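Engineer: Input structure: structure-v5.csv, which contains CSV, C-alpha atoms.
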```
chain,number,residue,atom,x,y,z
A,1,ASN,CA,84.4,83.8,136.2
A,2,ALA,CA,85.4,84.9,132.7
A,3,GLY,CA,82.7,86.2,130.5
A,4,VAL,CA,81.8,85.2,127.0
A,5,MET,CA,84.9,85.3,124.8
A,6,GLN,CA,84.9,86.0,121.1
A,7,ASN,CA,87.7,86.1,118.7
A,8,PRO,CA,88.9,87.7,116.6
A,9,ARG,CA,87.6,91.0,117.7
A,10,HIS,CA,88.1,92.4,114.2
A,11,LEU,CA,88.3,90.5,111.0
A,12,VAL,CA,89.0,91.8,107.5
A,13,ARG,CA,88.2,89.6,104.5
A,14,ARG,CA,88.1,90.1,100.8
A,15,ARG,CA,85.0,89.2,98.8
A,16,GLY,CA,84.9,85.5,98.2
A,17,GLN,CA,87.0,84.5,101.2
A,18,GLU,CA,85.8,82.6,104.2
A,19,ALA,CA,85.3,84.1,107.6
A,20,ARG,CA,85.4,82.0,110.8
A,21,LEU,CA,84.2,83.6,114.1
A,22,ARG,CA,84.7,81.9,117.4
A,23,CYS,CA,82.8,82.0,120.6
A,24,SER,CA,83.7,80.5,124.0
A,25,PRO,CA,80.7,80.6,126.3
A,26,MET,CA,80.8,81.3,130.0
A,27,LYS,CA,81.9,78.4,132.2
A,28,GLY,CA,79.0,76.1,132.8
A,29,HIS,CA,77.0,77.5,129.9
A,30,SER,CA,76.0,74.9,127.3
A,31,HIS,CA,73.6,77.1,125.2
A,32,VAL,CA,75.0,79.5,122.6
A,33,TYR,CA,73.3,82.1,120.4
A,34,TRP,CA,74.6,84.1,117.5
A,35,TYR,CA,73.3,87.5,116.5
A,36,ARG,CA,74.2,90.0,113.8
A,37,GLN,CA,74.1,93.8,114.1
A,38,LEU,CA,74.1,95.8,110.9
A,39,PRO,CA,74.9,99.5,111.0
A,40,GLU,CA,72.1,101.5,112.6
A,41,GLU,CA,70.1,98.4,113.4
A,42,GLY,CA,69.5,96.3,116.5
A,43,LEU,CA,70.8,92.9,117.0
A,44,LYS,CA,69.1,90.2,114.8
A,45,PHE,CA,69.0,86.6,115.9
A,46,MET,CA,70.7,84.1,113.7
A,47,VAL,CA,71.0,80.7,115.4
A,48,TYR,CA,70.7,78.9,118.7
A,49,LEU,CA,72.9,75.9,119.5
A,50,GLN,CA,73.4,73.4,122.3
A,51,LYS,CA,76.4,71.2,122.5
A,52,GLU,CA,76.6,69.2,119.2
A,53,ASN,CA,73.1,70.3,118.2
A,54,ILE,CA,71.5,73.2,116.2
A,55,ILE,CA,68.2,73.9,117.9
A,56,ASP,CA,66.9,76.9,116.0
A,57,GLU,CA,68.5,78.3,112.9
A,58,SER,CA,65.5,80.3,111.7
A,59,GLY,CA,67.5,83.5,111.5
A,60,MET,CA,70.4,82.1,109.5
A,61,PRO,CA,70.7,83.0,105.8
A,62,LYS,CA,70.0,79.9,103.7
A,63,GLU,CA,73.3,80.0,101.9
A,64,ARG,CA,76.9,80.5,102.8
A,65,PHE,CA,76.3,80.6,106.6
A,66,SER,CA,76.7,77.7,109.0
A,67,ALA,CA,77.3,77.3,112.7
A,68,GLU,CA,78.5,74.5,115.0
A,69,PHE,CA,79.0,74.0,118.7
A,70,PRO,CA,81.2,70.8,119.1
A,71,LYS,CA,81.5,68.7,122.2
A,72,GLU,CA,84.9,70.2,122.8
A,73,GLY,CA,86.0,73.7,121.9
A,74,PRO,CA,84.3,76.9,121.0
A,75,SER,CA,81.2,77.5,118.8
A,76,ILE,CA,82.1,78.6,115.3
A,77,LEU,CA,80.1,80.8,112.9
A,78,ARG,CA,81.3,80.2,109.4
A,79,ILE,CA,80.6,82.4,106.4
A,80,GLN,CA,81.7,81.2,103.1
A,81,GLN,CA,82.4,83.3,100.0
A,82,VAL,CA,81.8,86.6,101.9
A,83,VAL,CA,80.2,89.6,100.2
A,84,ARG,CA,80.2,93.2,101.2
A,85,GLY,CA,76.7,92.9,102.7
A,86,ASP,CA,78.1,90.5,105.3
A,87,SER,CA,80.0,93.4,106.9
A,88,ALA,CA,78.6,93.7,110.4
A,89,ALA,CA,79.2,93.0,114.1
A,90,TYR,CA,78.5,89.4,115.1
A,91,PHE,CA,77.7,88.8,118.7
A,92,CYS,CA,77.6,85.6,120.6
A,93,ALA,CA,75.6,85.0,123.8
A,94,SER,CA,75.5,82.1,126.2
A,95,SER,CA,73.1,80.9,128.8
A,96,PRO,CA,73.2,78.2,131.5
A,97,LEU,CA,69.6,77.3,130.9
A,98,PRO,CA,67.6,76.1,127.9
A,99,ALA,CA,66.0,78.8,125.8
A,100,GLY,CA,62.6,79.9,126.9
A,101,GLY,CA,63.0,78.3,130.3
A,102,PRO,CA,62.3,80.0,133.6
A,103,GLY,CA,65.0,82.5,134.4
A,104,ASP,CA,66.8,82.1,131.0
A,105,THR,CA,69.1,85.0,130.5
A,106,GLN,CA,71.6,85.5,127.7
A,107,TYR,CA,75.1,87.0,128.4
A,108,PHE,CA,76.9,88.6,125.5
A,109,GLY,CA,80.4,88.6,124.3
A,110,PRO,CA,82.3,91.6,122.9
A,111,GLY,CA,81.5,90.8,119.3
A,112,THR,CA,83.5,90.3,116.2
A,113,ARG,CA,83.5,93.2,113.7
A,114,LEU,CA,83.7,91.7,110.2
A,115,THR,CA,84.7,94.0,107.3
A,116,VAL,CA,84.5,92.7,103.8
A,117,LEU,CA,86.6,94.6,101.3
B,1,ALA,CA,55.4,89.6,113.5
B,2,GLN,CA,57.2,90.2,116.8
B,3,SER,CA,59.0,93.6,117.1
B,4,VAL,CA,60.4,96.0,119.6
B,5,SER,CA,60.2,99.7,119.1
B,6,GLN,CA,62.5,102.2,120.9
B,7,HIS,CA,61.1,105.7,120.4
B,8,ASN,CA,64.2,107.8,120.9
B,9,HIS,CA,67.2,107.3,118.7
B,10,HIS,CA,69.4,109.8,120.6
B,11,VAL,CA,68.8,111.4,123.9
B,12,ILE,CA,71.0,114.2,125.3
B,13,LEU,CA,70.8,115.1,129.0
B,14,SER,CA,72.7,117.0,131.6
B,15,GLU,CA,74.0,115.3,134.7
B,16,ALA,CA,71.4,114.9,137.4
B,17,ALA,CA,68.5,115.1,134.9
B,18,SER,CA,65.9,112.3,135.0
B,19,LEU,CA,65.8,109.7,132.3
B,20,GLU,CA,63.0,107.8,130.7
B,21,LEU,CA,63.6,105.7,127.6
B,22,GLY,CA,60.6,104.3,125.9
B,23,CYS,CA,60.2,100.7,124.7
B,24,ASN,CA,57.1,99.1,123.2
B,25,TYR,CA,56.9,95.5,122.0
B,26,SER,CA,54.6,93.4,119.8
B,27,TYR,CA,54.5,89.8,120.9
B,28,GLY,CA,51.5,87.7,121.7
B,29,GLY,CA,53.1,85.0,124.0
B,30,THR,CA,54.4,85.0,127.5
B,31,VAL,CA,56.6,88.0,127.8
B,32,ASN,CA,60.2,88.1,129.1
B,33,LEU,CA,61.7,91.6,128.8
B,34,PHE,CA,65.2,92.9,129.1
B,35,TRP,CA,67.2,96.1,129.0
B,36,TYR,CA,70.9,95.8,127.9
B,37,VAL,CA,73.5,98.6,127.9
B,38,GLN,CA,76.6,98.9,125.8
B,39,TYR,CA,79.2,101.4,127.1
B,40,PRO,CA,81.6,102.8,124.5
B,41,GLY,CA,84.0,100.1,123.5
B,42,GLN,CA,82.4,97.4,125.6
B,43,HIS,CA,80.1,94.5,125.1
B,44,LEU,CA,76.4,94.3,125.9
B,45,GLN,CA,75.6,94.1,129.6
B,46,LEU,CA,72.4,93.1,131.2
B,47,LEU,CA,70.8,96.1,133.1
B,48,LEU,CA,67.6,94.4,134.3
B,49,LYS,CA,65.0,91.8,133.3
B,50,TYR,CA,61.4,91.0,133.8
B,51,PHE,CA,60.0,87.5,133.9
B,52,SER,CA,57.0,87.7,136.2
B,53,GLY,CA,55.7,89.2,139.4
B,54,ASP,CA,56.2,92.8,140.4
B,55,PRO,CA,56.0,94.9,137.2
B,56,LEU,CA,58.5,97.4,138.6
B,57,VAL,CA,61.9,95.9,138.2
B,58,LYS,CA,65.1,97.3,139.7
B,59,GLY,CA,68.4,96.8,138.0
B,60,ILE,CA,72.0,97.7,138.4
B,61,LYS,CA,73.4,101.2,138.7
B,62,GLY,CA,70.1,102.7,139.9
B,63,PHE,CA,68.1,101.8,136.8
B,64,GLU,CA,64.5,100.6,136.9
B,65,ALA,CA,61.9,99.6,134.4
B,66,GLU,CA,58.1,99.2,134.6
B,67,PHE,CA,56.2,96.6,132.7
B,68,ILE,CA,52.8,97.9,131.7
B,69,LYS,CA,51.0,95.0,130.0
B,70,SER,CA,48.0,97.0,128.8
B,71,LYS,CA,50.4,99.4,126.9
B,72,PHE,CA,52.8,96.7,125.8
B,73,SER,CA,55.5,98.9,127.2
B,74,PHE,CA,58.7,98.4,129.3
B,75,ASN,CA,60.2,101.8,129.8
B,76,LEU,CA,63.6,102.3,131.4
B,77,ARG,CA,64.0,105.0,134.1
B,78,LYS,CA,66.7,106.6,136.2
B,79,PRO,CA,66.0,109.5,138.6
B,80,SER,CA,69.4,111.2,138.2
B,81,VAL,CA,71.8,110.4,135.4
B,82,GLN,CA,75.6,110.6,135.6
B,83,TRP,CA,78.2,111.2,132.9
B,84,SER,CA,79.1,107.5,133.2
B,85,ASP,CA,75.7,106.6,131.9
B,86,THR,CA,76.6,107.7,128.4
B,87,ALA,CA,76.0,104.5,126.4
B,88,GLU,CA,73.7,102.8,124.0
B,89,TYR,CA,70.6,101.1,125.5
B,90,PHE,CA,68.8,98.2,124.0
B,91,CYS,CA,65.4,96.9,124.9
B,92,ALA,CA,64.6,93.2,124.0
B,93,VAL,CA,61.8,90.8,124.3
B,94,ARG,CA,62.2,87.0,124.2
B,95,ALA,CA,60.2,85.4,121.5
B,96,GLY,CA,60.7,81.6,121.6
B,97,THR,CA,64.4,80.9,121.6
B,98,ALA,CA,65.5,84.3,120.4
B,99,LEU,CA,65.7,87.8,121.8
B,100,ILE,CA,64.2,90.4,119.6
B,101,PHE,CA,66.0,93.7,120.0
B,102,GLY,CA,65.0,97.3,119.4
B,103,LYS,CA,67.3,99.5,117.3
B,104,GLY,CA,68.8,101.1,120.4
B,105,THR,CA,68.8,104.5,122.0
B,106,THR,CA,72.1,106.4,122.4
B,107,LEU,CA,72.2,108.4,125.6
B,108,SER,CA,74.7,111.3,125.9
B,109,VAL,CA,75.2,112.8,129.3
B,110,SER,CA,77.1,116.1,129.6
B,111,SER,CA,78.8,117.0,132.8
```
The structure in this file should be written as structure tokens.
Structural biologist:
Amino acid sequence: NAGVMQNPRHLVRRRGQEARLRCSPMKGHSHVYWYRQLPEEGLKFMVYLQKENIIDESGMPKERFSAEFPKEGPSILRIQQVVRGDSAAYFCASSPLPAGGPGDTQYFGPGTRLTVL
Amino acid sequence: AQSVSQHNHHVILSEAASLELGCNYSYGGTVNLFWYVQYPGQHLQLLLKYFSGDPLVKGIKGFEAEFIKSKFSFNLRKPSVQWSDTAEYFCAVRAGTALIFGKGTTLSVSS
């Protein structure tokens, strides 16, 4: 059973460009989370999605950031007009169970390292 | 506000030494606790988790953790570390839908 897949693993963008990060959850998992890790920091929650729905986006910056998890295909984290402060590692996690439910466990992908020049 | 504190930023041990990594959390609700490990060049992997029941939790690779509710702690232990345990270790508490992570502890084990 393949784990959580993320691509690209490394992404370089110039200021003002758009960044698109993809996440394919584990087979059978319909719950996806995105986290961001800044240098010397722990992972910070950004957004929680189920298929076609954003459930909790309390950790998402109000501007330039968006996420989706369509019925078909991977989840996408989109950052418009990137700035140097967006440089970080972005991790996706998936779970087979709804967030907060009994036994809910998140399984993480390898991350995408975004560098903004 | 919810938070997780890992006391040690970097721990250096020799092989066969015992390990204890501290983790304290601040969260008022029902507590679900996790330890994740990130080996060099790899992604986060779940070491162990606590949801309820026996506060002493056993995980993979000989690791265990003890939930002490009165101290708001969930310390990770291993009786005898190996060189292959060199990694970064993250403690996390689930708060609602999200996991709240500590900043991580880097463990370096010399052979």
Engineer: From the set A:Trp34, A:Gln81, A:Pro8, A:Glu40, which residue has the shortest atom-to-atom contact distance to B:Thr106, counting only C-alpha atoms?
Structural biologist: A:Glu40
Engineer: Box along x, y and z, 4 Å on every side, all listed atoms of stretch 46-52 of chain B inside: centre and edge lengths in Å to one decimal, as JSON.
Structural biologist:
```
{"center_x": 64.7, "center_y": 91.8, "center_z": 133.7, "size_x": 23.4, "size_y": 16.6, "size_z": 13.0}
```
Engineer: Give as a ChimeraX atom specification every residue of chain A that touches chain B within 9 Å, counting all atoms listed in the file.
Structural biologist: /A:33,40-48,55-56,91,98-100,102-103,105-111
Engineer: Between A:Met60, A:Cys23, A:Leu49, A:Leu117, which has the minimum distance to A:Ser87 (counting all atoms listed in the file)?
Structural biologist: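 Smallest distance to A:Ser87 is found for A:Leu117.
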Engineer: For a test of reading the model, state the distance in Å between atom CA of A:Gly85 and atom CA of B:Glu88, rounded to one decimal.
Structural biologist: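 So the answer is 23.7 Å.
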Engineer: Between B:Ala87, B:Val57, B:Ala65, B:Ala1, which has the minimum distance to B:Gly28 (counting only C-alpha atoms)?
Structural biologist: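 Between B:Ala87, B:Val57, B:Ala65, B:Ala1, the residue approaching B:Gly28 most closely is B:Ala1.
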Engineer: Between atom CA of B:Glu66 and atom CA of A:Gly101, what distance in Å does the model show, to one decimal?
Structural biologist: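 For atom CA of B:Glu66 relative to atom CA of A:Gly101, the distance reads 21.9 Å.
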Engineer: Return the single residue from B:Gly53, B:Gln2, B:Val37, B:Asn75 that is closest to B:Cys23, with distances computed using only C-alpha atoms.
Structural biologist: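 That would be B:Asn75, the residue with the smallest distance to B:Cys23.
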Engineer: Which one is closest to A:Glu72: A:Lys51, A:Arg14, A:Arg84, A:Arg9? Count all atoms listed in the file.
Structural biologist: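 Ranked by minimum distance to A:Glu72, first place goes to A:Lys51.
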Engineer: Between atom CA of A:Pro25 and atom CA of A:Pro39, what is the distance, to one decimal in Å?
Structural biologist: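 Atom CA of A:Pro25 sits 25.0 Å away from atom CA of A:Pro39.
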Engineer: Need the shell around A:Asn7: protein/DNA/RNA residues with any atom at most 12 Å away, counting only C-alpha atoms. Skip same-chain ones fewer than 6 positions apart. Format as an MDAnalysis selection string?
Structural biologist: chainID A and resid 19:25 74:77 89:92 109:114
Engineer: In the coordinate frame of the file, compute which residues have an atom within 7 Å of (58.3, 97.2, 123.9) when using all atoms listed in the file, and state them as a ChimeraX atom specification.
Structural biologist: /B:4-5,23-26,72-74
Engineer: Nearest to A:Asp86 among A:Gly59, A:Gly3, A:Gly16, A:Gly73, with distances taken over only C-alpha atoms: which residue is it?
Structural biologist: A:Gly16
